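File shown here: run18.txt, holding compact mmCIF, C-alpha atoms and all ligand atoms.
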# COMPACT_ATOMS: atom_id res chain seq x y z
CA MET A 14 -174.01 14.73 -107.10
CA GLY A 15 -170.88 16.33 -108.57
CA ASP A 16 -169.79 18.99 -111.01
CA ILE A 17 -169.90 19.10 -114.78
CA VAL A 18 -166.36 20.17 -115.70
CA ILE A 19 -165.45 21.45 -119.17
CA ILE A 20 -161.73 21.67 -119.94
CA GLY A 21 -161.00 24.22 -122.64
CA GLY A 22 -162.84 27.40 -123.57
CA GLY A 23 -162.44 27.19 -127.33
CA PHE A 24 -165.23 26.67 -129.87
CA ALA A 25 -166.34 23.32 -128.42
CA GLY A 26 -165.98 24.15 -124.73
CA LEU A 27 -167.88 27.44 -124.91
CA GLU A 28 -170.63 25.90 -127.04
CA ALA A 29 -171.06 23.06 -124.53
CA ALA A 30 -171.20 25.63 -121.70
CA LYS A 31 -173.85 27.62 -123.60
CA VAL A 32 -176.08 24.63 -124.33
CA LEU A 33 -175.79 23.23 -120.79
CA SER A 34 -176.57 26.62 -119.30
CA LYS A 35 -179.73 26.87 -121.45
CA ARG A 36 -180.81 23.46 -120.13
CA ARG A 37 -179.89 24.22 -116.53
CA SER A 38 -183.29 23.15 -115.21
CA LYS A 39 -182.47 19.60 -116.31
CA LEU A 40 -179.12 19.49 -114.49
CA GLU A 41 -180.64 19.01 -111.03
CA GLN A 42 -178.57 21.78 -109.36
CA ARG A 43 -175.24 20.55 -110.72
CA ARG A 44 -172.55 23.22 -111.06
CA ILE A 45 -170.98 23.82 -114.49
CA LEU A 46 -167.31 24.75 -114.31
CA LEU A 47 -165.10 25.65 -117.27
CA VAL A 48 -161.31 25.56 -116.85
CA ASP A 49 -158.98 27.18 -119.36
CA ALA A 50 -155.29 28.04 -119.20
CA LYS A 51 -156.01 31.37 -120.93
CA SER A 52 -158.28 34.19 -119.84
CA HIS A 53 -159.61 34.71 -123.34
CA PHE A 54 -161.11 32.78 -126.24
CA ASP A 55 -159.21 32.95 -129.53
CA PHE A 56 -161.01 32.75 -132.87
CA LEU A 57 -158.40 30.56 -134.58
CA PRO A 58 -159.58 30.72 -138.24
CA ILE A 59 -158.90 34.45 -138.34
CA LEU A 60 -155.41 34.32 -136.76
CA PRO A 61 -153.55 34.34 -140.11
CA ASP A 62 -155.35 37.65 -140.86
CA VAL A 63 -154.09 39.01 -137.52
CA ALA A 64 -150.55 37.92 -138.48
CA GLY A 65 -150.99 39.75 -141.78
CA GLY A 66 -152.18 42.92 -140.04
CA ARG A 67 -155.58 42.75 -141.73
CA VAL A 68 -157.60 42.01 -138.61
CA ASP A 69 -157.18 43.72 -135.25
CA LYS A 70 -156.10 41.21 -132.58
CA ASN A 71 -158.93 42.44 -130.32
CA HIS A 72 -161.48 41.37 -132.93
CA ALA A 73 -160.11 37.81 -132.87
CA SER A 74 -160.29 37.27 -129.13
CA MET A 75 -162.80 37.68 -126.31
CA GLU A 76 -162.48 37.65 -122.52
CA MET A 77 -164.11 34.49 -121.21
CA ALA A 78 -164.97 35.48 -117.62
CA GLN A 79 -167.78 37.91 -118.53
CA TYR A 80 -169.19 35.65 -121.26
CA LEU A 81 -169.39 32.71 -118.85
CA GLU A 82 -170.73 34.81 -116.00
CA ASN A 83 -173.62 35.85 -118.26
CA LEU A 84 -174.31 32.15 -118.85
CA GLY A 85 -174.12 31.40 -115.12
CA VAL A 86 -171.13 29.13 -115.70
CA ASN A 87 -168.19 29.17 -113.25
CA PHE A 88 -164.77 29.88 -114.72
CA SER A 89 -161.34 28.99 -113.44
CA GLN A 90 -158.24 30.20 -115.24
CA ASP A 91 -155.77 27.40 -114.65
CA GLU A 92 -153.87 24.79 -116.62
CA VAL A 93 -154.84 21.14 -116.38
CA VAL A 94 -151.74 18.98 -115.92
CA LYS A 95 -153.23 15.54 -115.26
CA ILE A 96 -156.53 13.68 -115.13
CA ASP A 97 -157.27 10.50 -113.22
CA THR A 98 -160.38 9.10 -114.87
CA ASP A 99 -160.65 6.24 -112.33
CA LYS A 100 -160.91 8.63 -109.38
CA LYS A 101 -162.58 11.31 -111.55
CA GLU A 102 -160.02 13.91 -110.49
CA ILE A 103 -158.43 16.79 -112.39
CA PHE A 104 -155.03 18.12 -111.30
CA LEU A 105 -154.29 21.78 -111.97
CA LYS A 106 -151.00 23.65 -112.29
CA SER A 107 -151.97 25.73 -109.23
CA ASP A 108 -151.89 22.46 -107.21
CA HIS A 109 -155.68 22.46 -106.83
CA VAL A 110 -157.51 19.21 -107.49
CA LEU A 111 -161.03 19.19 -108.90
CA SER A 112 -163.40 16.28 -108.93
CA TYR A 113 -166.08 15.76 -111.54
CA GLU A 114 -169.18 13.75 -112.16
CA PHE A 115 -169.25 14.58 -115.88
CA LEU A 116 -166.21 15.65 -117.90
CA ILE A 117 -165.99 17.34 -121.29
CA LEU A 118 -162.49 17.45 -122.74
CA ALA A 119 -162.40 20.32 -125.22
CA CYS A 120 -158.79 21.39 -124.99
CA GLY A 121 -158.06 21.55 -128.72
CA SER A 122 -154.62 21.01 -130.19
CA VAL A 123 -151.28 22.80 -130.20
CA THR A 124 -148.33 22.98 -132.59
CA ASN A 125 -146.32 19.77 -132.72
CA PHE A 126 -142.58 20.41 -132.83
CA PHE A 127 -141.91 16.65 -132.77
CA ASN A 128 -139.78 17.02 -129.60
CA ASP A 129 -137.18 19.11 -131.41
CA GLU A 130 -136.12 21.58 -128.71
CA LYS A 131 -133.89 23.56 -131.05
CA ILE A 132 -136.72 24.23 -133.51
CA GLN A 133 -139.13 24.97 -130.66
CA ARG A 134 -136.70 27.60 -129.38
CA VAL A 135 -136.16 29.40 -132.69
CA ALA A 136 -139.48 28.94 -134.51
CA LEU A 137 -142.63 31.04 -134.35
CA LYS A 138 -146.08 29.40 -134.38
CA CYS A 139 -149.69 30.48 -134.76
CA ASP A 140 -151.71 28.81 -131.98
CA THR A 141 -153.13 31.91 -130.28
CA SER A 142 -153.92 35.56 -130.99
CA ASP A 143 -150.73 36.49 -129.08
CA ASP A 144 -148.69 34.23 -131.40
CA ALA A 145 -150.33 35.85 -134.45
CA GLN A 146 -149.58 39.34 -133.16
CA MET A 147 -146.01 38.32 -132.43
CA LEU A 148 -145.64 37.01 -136.01
CA LYS A 149 -146.82 40.32 -137.40
CA ASN A 150 -144.52 42.30 -135.10
CA VAL A 151 -141.44 40.23 -135.94
CA VAL A 152 -142.06 40.34 -139.69
CA THR A 153 -142.62 44.10 -139.69
CA THR A 154 -139.59 44.72 -137.46
CA TYR A 155 -137.22 42.51 -139.49
CA PRO A 156 -138.78 42.66 -142.98
CA THR A 157 -135.74 41.66 -145.00
CA LYS A 158 -135.35 38.21 -143.55
CA ASN A 159 -135.62 34.95 -145.44
CA ILE A 160 -138.95 33.71 -144.18
CA LEU A 161 -139.38 29.93 -144.12
CA ILE A 162 -142.77 28.46 -143.35
CA ILE A 163 -142.52 24.77 -142.57
CA GLY A 164 -145.66 22.89 -143.62
CA GLY A 165 -147.77 23.38 -146.72
CA GLY A 166 -151.17 22.74 -145.17
CA TYR A 167 -154.03 25.25 -144.75
CA THR A 168 -152.29 27.20 -142.00
CA GLY A 169 -148.94 27.47 -143.80
CA ILE A 170 -150.60 28.68 -147.00
CA GLU A 171 -152.83 31.20 -145.25
CA ILE A 172 -149.91 32.63 -143.28
CA ALA A 173 -147.64 32.77 -146.34
CA SER A 174 -150.24 34.72 -148.33
CA GLN A 175 -150.85 37.08 -145.41
CA LEU A 176 -147.16 37.83 -144.90
CA ALA A 177 -146.64 38.34 -148.64
CA CYS A 178 -149.38 40.98 -148.68
CA LEU A 179 -148.14 42.56 -145.46
CA LEU A 180 -144.63 42.97 -146.92
CA LYS A 181 -146.08 44.33 -150.16
CA ARG A 182 -148.09 46.95 -148.25
CA LYS A 183 -144.96 47.89 -146.32
CA LYS A 184 -143.22 48.27 -149.71
CA VAL A 185 -140.49 45.80 -148.72
CA LYS A 186 -138.85 44.46 -151.88
CA LYS A 187 -135.82 42.54 -150.58
CA TYR A 188 -137.18 39.44 -148.91
CA SER A 189 -137.84 35.83 -149.69
CA LEU A 190 -140.90 33.95 -148.55
CA ASN A 191 -140.83 30.16 -148.76
CA ILE A 192 -143.12 27.26 -147.95
CA ILE A 193 -141.28 24.00 -147.21
CA GLU A 194 -143.43 20.90 -147.65
CA LYS A 195 -142.22 17.35 -147.01
CA GLY A 196 -144.90 15.75 -149.19
CA GLU A 197 -145.18 15.65 -152.97
CA ASP A 198 -147.56 18.60 -153.01
CA ILE A 199 -149.14 21.21 -150.75
CA LEU A 200 -152.54 20.73 -149.07
CA GLY A 201 -152.24 16.97 -148.48
CA VAL A 202 -155.38 15.09 -149.48
CA LEU A 203 -157.30 18.06 -150.90
CA PRO A 204 -158.36 17.90 -154.58
CA GLY A 205 -155.86 18.71 -157.34
CA TRP A 206 -157.74 21.79 -158.58
CA MET A 207 -157.42 23.39 -155.12
CA LYS A 208 -153.71 22.67 -154.96
CA ASP A 209 -153.26 24.22 -158.42
CA TYR A 210 -155.35 27.26 -157.51
CA CYS A 211 -153.33 27.90 -154.36
CA ARG A 212 -149.98 27.30 -156.05
CA ILE A 213 -150.80 29.80 -158.83
CA ASN A 214 -151.99 32.37 -156.33
CA LEU A 215 -148.95 31.89 -154.09
CA CYS A 216 -146.70 32.27 -157.14
CA SER A 217 -148.42 35.59 -157.98
CA LEU A 218 -147.66 36.69 -154.40
CA ARG A 219 -143.94 35.79 -154.81
CA VAL A 220 -144.15 32.86 -152.40
CA HIS A 221 -141.76 30.02 -153.33
CA VAL A 222 -143.13 26.53 -152.72
CA HIS A 223 -140.52 23.79 -152.13
CA THR A 224 -142.09 20.31 -152.13
CA ASP A 225 -140.45 16.94 -151.40
CA CYS A 226 -138.23 18.95 -149.13
CA PHE A 227 -137.50 19.11 -145.39
CA LEU A 228 -135.31 20.90 -142.86
CA LYS A 229 -131.91 19.23 -142.79
CA GLU A 230 -130.06 21.44 -140.37
CA VAL A 231 -130.94 24.43 -138.22
CA ASN A 232 -128.39 26.53 -136.39
CA ASP A 233 -128.38 30.10 -135.16
CA GLN A 234 -126.79 31.37 -138.37
CA ALA A 235 -128.47 29.39 -141.13
CA ILE A 236 -130.97 26.78 -142.23
CA LYS A 237 -130.16 24.01 -144.67
CA LEU A 238 -132.87 22.28 -146.66
CA SER A 239 -132.78 18.75 -148.04
CA ASN A 240 -132.84 20.15 -151.61
CA GLY A 241 -129.46 21.83 -151.03
CA LEU A 242 -130.73 25.39 -150.50
CA GLU A 243 -129.32 27.32 -147.56
CA PHE A 244 -130.81 30.44 -145.93
CA SER A 245 -129.02 32.77 -143.54
CA ASN A 246 -130.72 35.65 -141.71
CA TYR A 247 -133.84 33.50 -141.48
CA LEU A 248 -137.19 33.63 -139.76
CA LEU A 249 -138.68 30.19 -139.13
CA ILE A 250 -142.44 29.67 -138.84
CA TRP A 251 -143.62 26.18 -137.88
CA THR A 252 -146.99 24.95 -139.17
CA ALA A 253 -146.04 21.32 -139.79
CA GLY A 254 -148.46 19.54 -137.51
CA VAL A 255 -150.53 19.61 -134.35
CA GLN A 256 -151.05 17.39 -131.34
CA THR A 257 -153.28 17.38 -128.27
CA PRO A 258 -151.93 18.88 -125.00
CA ALA A 259 -149.51 16.67 -123.02
CA PHE A 260 -151.99 15.69 -120.29
CA VAL A 261 -154.35 14.23 -122.94
CA GLN A 262 -151.51 12.21 -124.45
CA GLU A 263 -150.76 10.79 -121.00
CA LEU A 264 -154.27 9.39 -120.56
CA LYS A 265 -154.40 5.59 -120.70
CA HIS A 266 -157.19 5.64 -123.33
CA ASP A 267 -156.71 4.88 -127.03
CA LYS A 268 -155.48 7.75 -129.18
CA ASP A 269 -154.44 8.41 -132.76
CA LYS A 270 -150.95 9.60 -133.71
CA GLN A 271 -151.83 13.22 -132.96
CA GLY A 272 -152.93 12.21 -129.47
CA ARG A 273 -156.66 12.67 -130.19
CA LEU A 274 -158.85 10.41 -128.06
CA TYR A 275 -160.88 7.81 -129.91
CA VAL A 276 -164.52 8.37 -129.03
CA GLY A 277 -167.61 6.25 -129.52
CA ALA A 278 -170.78 7.27 -131.35
CA ASP A 279 -171.96 9.15 -128.23
CA LEU A 280 -168.54 10.92 -128.10
CA SER A 281 -167.56 9.33 -124.79
CA PHE A 282 -164.08 7.92 -124.13
CA ASP A 283 -164.81 6.75 -120.58
CA LYS A 284 -167.80 6.57 -118.27
CA ASN A 285 -169.34 10.07 -118.03
CA ALA A 286 -166.28 11.48 -119.82
CA PHE A 287 -166.54 12.91 -123.33
CA ALA A 288 -164.07 14.41 -125.81
CA VAL A 289 -165.01 16.96 -128.47
CA GLY A 290 -163.45 19.14 -131.16
CA ASP A 291 -159.75 18.76 -131.89
CA THR A 292 -159.28 16.59 -128.78
CA ALA A 293 -161.55 13.86 -130.19
CA CYS A 294 -160.83 11.43 -132.98
CA PHE A 295 -164.22 10.49 -134.40
CA LYS A 296 -164.16 8.00 -137.23
CA TYR A 297 -166.69 8.59 -139.98
CA LYS A 298 -166.81 6.21 -142.95
CA ASP A 299 -163.58 4.70 -141.56
CA LYS A 300 -161.71 8.00 -141.72
CA PRO A 301 -161.01 10.39 -138.81
CA LEU A 302 -162.91 13.67 -139.13
CA ARG A 303 -160.66 16.63 -139.87
CA MET A 304 -160.19 19.33 -137.23
CA SER A 305 -162.75 22.01 -137.89
CA VAL A 306 -164.98 24.54 -136.19
CA GLN A 307 -168.24 23.13 -137.57
CA PHE A 308 -167.56 19.63 -136.17
CA SER A 309 -166.39 21.06 -132.83
CA LEU A 310 -169.64 23.02 -132.39
CA CYS A 311 -171.93 20.10 -133.35
CA GLN A 312 -170.05 17.66 -131.14
CA ALA A 313 -170.37 20.04 -128.19
CA ARG A 314 -174.16 20.15 -128.67
CA VAL A 315 -174.38 16.34 -128.81
CA VAL A 316 -172.30 15.95 -125.65
CA ALA A 317 -174.37 18.54 -123.76
CA SER A 318 -177.51 16.57 -124.73
CA ASN A 319 -175.90 13.33 -123.62
CA ILE A 320 -175.07 14.74 -120.21
CA VAL A 321 -178.68 15.91 -119.82
CA ARG A 322 -179.89 12.45 -120.88
CA SER A 323 -177.49 10.70 -118.48
CA ILE A 324 -178.78 12.85 -115.60
CA ALA A 325 -182.34 11.95 -116.59
CA ARG A 326 -181.20 8.26 -116.54
CA LYS A 327 -182.26 7.79 -120.15
CA LYS A 328 -181.00 4.50 -121.51
CA ASN A 329 -179.85 5.64 -124.93
CA LEU A 330 -177.47 8.46 -125.58
CA VAL A 331 -177.55 10.50 -128.80
CA SER A 332 -175.17 9.36 -131.54
CA TYR A 333 -173.17 12.01 -133.34
CA LYS A 334 -173.80 12.09 -137.09
CA PRO A 335 -171.42 14.48 -138.83
CA LEU A 336 -172.72 16.82 -141.50
CA ASP A 337 -169.91 18.31 -143.57
CA LEU A 338 -170.89 21.77 -144.82
CA GLY A 339 -167.58 22.13 -146.64
CA PHE A 340 -164.28 23.92 -146.22
CA LEU A 341 -162.32 26.84 -147.62
CA VAL A 342 -158.68 27.79 -147.90
CA PRO A 343 -158.69 31.59 -147.63
CA MET A 344 -155.77 33.69 -148.80
CA ALA A 345 -154.89 37.29 -148.10
CA ASN A 346 -155.36 38.82 -151.54
CA ARG A 347 -159.14 38.35 -151.36
CA LYS A 348 -158.99 34.88 -152.87
CA ALA A 349 -160.03 31.51 -151.50
CA CYS A 350 -160.91 28.09 -152.81
CA GLY A 351 -162.90 25.19 -151.45
CA LYS A 352 -166.21 23.43 -151.45
CA ILE A 353 -169.46 24.48 -149.84
CA LEU A 354 -172.04 21.69 -149.76
CA PHE A 355 -171.68 20.20 -153.27
CA PHE A 356 -170.39 23.35 -154.94
CA LYS A 357 -166.84 24.26 -155.81
CA ILE A 358 -166.14 27.82 -154.83
CA TRP A 359 -163.15 30.04 -155.51
CA GLY A 360 -161.95 33.63 -155.92
CA PHE A 361 -163.51 36.65 -154.26
CA LEU A 362 -166.78 34.82 -153.54
CA GLY A 363 -164.88 32.19 -151.57
CA TRP A 364 -163.05 34.88 -149.61
CA LEU A 365 -166.38 36.59 -148.84
CA CYS A 366 -167.86 33.28 -147.62
CA HIS A 367 -164.89 32.79 -145.28
CA TYR A 368 -165.35 36.23 -143.75
CA ALA A 369 -169.13 35.84 -143.56
CA MET A 370 -168.66 32.55 -141.69
CA CYS A 371 -166.16 34.11 -139.29
CA ILE A 372 -168.50 37.03 -138.57
CA TYR A 373 -171.46 34.69 -138.12
CA ARG A 374 -169.54 32.43 -135.72
CA SER A 375 -168.03 35.24 -133.64
CA LEU A 376 -169.13 35.06 -130.03
CA SER A 377 -169.61 38.71 -129.16
CA SER A 378 -171.14 41.67 -130.98
CA LYS A 379 -167.89 43.59 -130.44
CA ASN A 380 -165.96 40.91 -132.36
CA ARG A 381 -168.68 40.59 -135.00
CA LEU A 382 -168.71 44.34 -135.68
CA GLY A 383 -164.93 44.53 -135.55
CA LEU A 384 -164.51 41.72 -138.09
CA ALA A 385 -167.19 43.19 -140.34
CA PHE A 386 -165.35 46.51 -140.22
CA ASP A 387 -162.00 44.82 -141.00
CA ALA A 388 -163.58 42.94 -143.94
CA ILE A 389 -165.38 45.97 -145.39
CA SER A 390 -162.28 48.13 -145.13
CA ARG A 391 -160.47 45.58 -147.35
CA MET A 392 -163.15 45.40 -150.05
CA GLY A 393 -161.80 48.11 -152.26
CA LYS A 394 -158.11 47.43 -151.60
CA ASN A 395 -156.17 45.21 -153.93
CA ASP A 396 -153.21 43.57 -152.16
C1 LIG A 401 -154.42 29.15 -137.78
C2 LIG A 401 -155.63 28.27 -137.82
C3 LIG A 401 -156.60 28.45 -138.80
C4 LIG A 401 -157.74 27.63 -138.83
N1 LIG A 401 -158.69 27.85 -139.79
C5 LIG A 401 -159.83 27.13 -139.76
C6 LIG A 401 -160.88 27.41 -140.69
O1 LIG A 401 -160.76 28.29 -141.56
N2 LIG A 401 -162.03 26.68 -140.60
C7 LIG A 401 -162.18 25.68 -139.65
O2 LIG A 401 -163.23 25.04 -139.58
N3 LIG A 401 -161.18 25.39 -138.77
C8 LIG A 401 -160.03 26.09 -138.80
N4 LIG A 401 -159.04 25.82 -137.88
C9 LIG A 401 -159.22 24.70 -136.94
C10 LIG A 401 -160.19 25.10 -135.84
O3 LIG A 401 -159.85 26.36 -135.35
C11 LIG A 401 -160.18 24.05 -134.73
O4 LIG A 401 -160.63 22.84 -135.29
C12 LIG A 401 -161.11 24.47 -133.58
O5 LIG A 401 -160.63 25.66 -132.98
C13 LIG A 401 -161.15 23.37 -132.53
O6 LIG A 401 -161.95 23.81 -131.46
P1 LIG A 401 -161.69 23.23 -130.00
O7 LIG A 401 -162.76 23.80 -129.14
O8 LIG A 401 -161.55 21.75 -130.07
O9 LIG A 401 -160.26 23.78 -129.57
P2 LIG A 401 -159.71 25.26 -129.43
O10 LIG A 401 -160.59 26.23 -130.12
O11 LIG A 401 -158.30 25.19 -129.85
O12 LIG A 401 -159.79 25.55 -127.86
C14 LIG A 401 -159.03 24.79 -126.95
C15 LIG A 401 -158.98 25.53 -125.63
O13 LIG A 401 -158.42 24.65 -124.63
C16 LIG A 401 -157.52 25.36 -123.82
N5 LIG A 401 -156.52 24.44 -123.26
C17 LIG A 401 -155.61 23.70 -123.93
N6 LIG A 401 -154.87 22.99 -123.08
C18 LIG A 401 -155.32 23.27 -121.84
C19 LIG A 401 -154.94 22.83 -120.53
N7 LIG A 401 -153.95 21.96 -120.32
N8 LIG A 401 -155.61 23.35 -119.46
C20 LIG A 401 -156.62 24.24 -119.64
N9 LIG A 401 -157.01 24.68 -120.86
C21 LIG A 401 -156.38 24.20 -121.93
C22 LIG A 401 -156.89 26.38 -124.78
O14 LIG A 401 -156.36 27.49 -124.06
C23 LIG A 401 -158.09 26.76 -125.66
O15 LIG A 401 -158.76 27.88 -125.16
C24 LIG A 401 -157.90 26.61 -137.84
C25 LIG A 401 -156.92 26.44 -136.85
C26 LIG A 401 -155.80 27.26 -136.83
C27 LIG A 401 -154.76 27.06 -135.74
Once more with this new file: its structure as structure tokens, please.
Amino acid sequence: MGDIVIIGGGFAGLEAAKVLSKRRSKLEQRRILLVDAKSHFDFLPILPDVAGGRVDKNHASMEMAQYLENLGVNFSQDEVVKIDTDKKEIFLKSDHVLSYEFLILACGSVTNFFNDEKIQRVALKCDTSDDAQMLKNVVTTYPTKNILIIGGGYTGIEIASQLACLLKRKKVKKYSLNIIEKGEDILGVLPGWMKDYCRINLCSLRVHVHTDCFLKEVNDQAIKLSNGLEFSNYLLIWTAGVQTPAFVQELKHDKDKQGRLYVGADLSFDKNAFAVGDTACFKYKDKPLRMSVQFSLCQARVVASNIVRSIARKKNLVSYKPLDLGFLVPMANRKACGKILFFKIWGFLGWLCHYAMCIYRSLSSKNRLGLAFDAISRMGKND
């Protein structure tokens, strides 16, 4: 009898730990161990608000050790560098080696710089609450820079709107804020009305959107774009793609181009090994599910059930059936657009729904109260 090891204490990993701990009596004395490179959980959907100075960093993160101790789950702060699924061994940066009987890979995704070391060195990203705080600090310290956000997806748009409002509050007038998008339009496959809504709102916030455009040259003095524009005194923010951590990409199992592991209906990718959340590529109606909190949480519950069923030697494991509750693109000036169930939603109501969801999904009452306070204190303020 071995351990149940969860790698990653994000939305999926902590949810799996919670469900397994509630069903401890069915685990036949097995130990649950969660390994994460960080000491704290970061609430990613609210990070753009931290970058924009609208949410306190402490309300977007939570120490994991105490949370897991309350669940009776062991915690090790260490980075996983390699997994051998044949020997069922996990190699850690500290040189320790763990063995597992059941494995849950829930290690999310990180910014993909496409192996460009130069860009990685000069660009800022928004993967963690520390990154978001750093973004805010740099923008407020050097407010007159030409800010270039590479990537016109959700994250790029949210960050652009947040920084625009931050600079407006700081009464900075001399700056330029730009989104650079390689595709024909922002927001990829999302519906046209959402793209239009966001474009109009970004325009009202003085954010310039450059589409069909990419970075041609980056040096310490200036950035050149493919459309001929050149920016000196720049600040580069990279939101142009994500990938799974390196050790996941090195696994011999099948993956998509972002390095997400293809999983079966029961979310396994190997015997007694499961992948969930951003680490998993689950195909639904022939399309991979997008990366999202709601899918991460549901997948974690399914995998916890499947581990309990495997221990009980049940023949059939539970199949994951995604239920899409919708999505929102929130922006800083109390506007958002998206779809909830079958309903289009936009404007202040959309923004409220985003905050309500973040408060509801927060893991501690301190974070919940903090976020509620941050949201209420913005109600009457027009950015
Ligand atoms: C800025 C931003 C805004 C977003 N907004 C939304 C939104 O509004 N709505 C929505 O649904 N989704 C949103 N998302 C996506 C959503 O946050 C992710 O889909 C979700 O967090 C995935 O959960 P996860 O548990 O798979 O991974 P994560 O929550 O990313 O957790 C992964 C954990 O694994 C750990 N880890 C990684 N590598 C290692 C390693 N080698 N060793 C040990 N530990 C490791 C990390 O430290 C981290 O704690 C947003 C994402 C970002 C970045």
Which neighbours of segment 144-154 of chain A fall inside 10 Å, counting all atoms listed in the file, when residues of the same chain fewer than 5 positions from it are skipped, and could you give them as a ChimeraX atom specification?
/A:57,59-66,69-70,137-139,160,172,175-176,179-180,183,185,248,250
Find the residues near ligand LIG 401 (chain A). Use a cut-off of 6 Å, count only C-alpha atoms and all ligand atoms, and write them as a ChimeraX atom specification.
/A:20-26,48-51,54,57-58,60-61,91-94,119-122,139-140,168,258,290-292,304-307,309
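Proximity of A:Ile170, A:Leu264, A:Met14, A:Ile163 to Ala349 of chain A, computed with all atoms listed in the file, is greatest for A:Ile170.
Using only C-alpha atoms, the residues found no farther than 7 Å from segment 235-247 of chain A, other than those of its own chain fewer than 2 positions away, are Lys158, Asn159, Ile160, Cys226, Phe227, Leu228, Lys229, Glu230, Val231, Asn232, Asp233 and Leu249 of chain A.
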Excluding same-chain residues fewer than 5 positions from Lys270 of chain A, what lies within 10 Å of it counting only C-alpha atoms, as a list in words?
Gln256, Thr257 and Gln262 of chain A
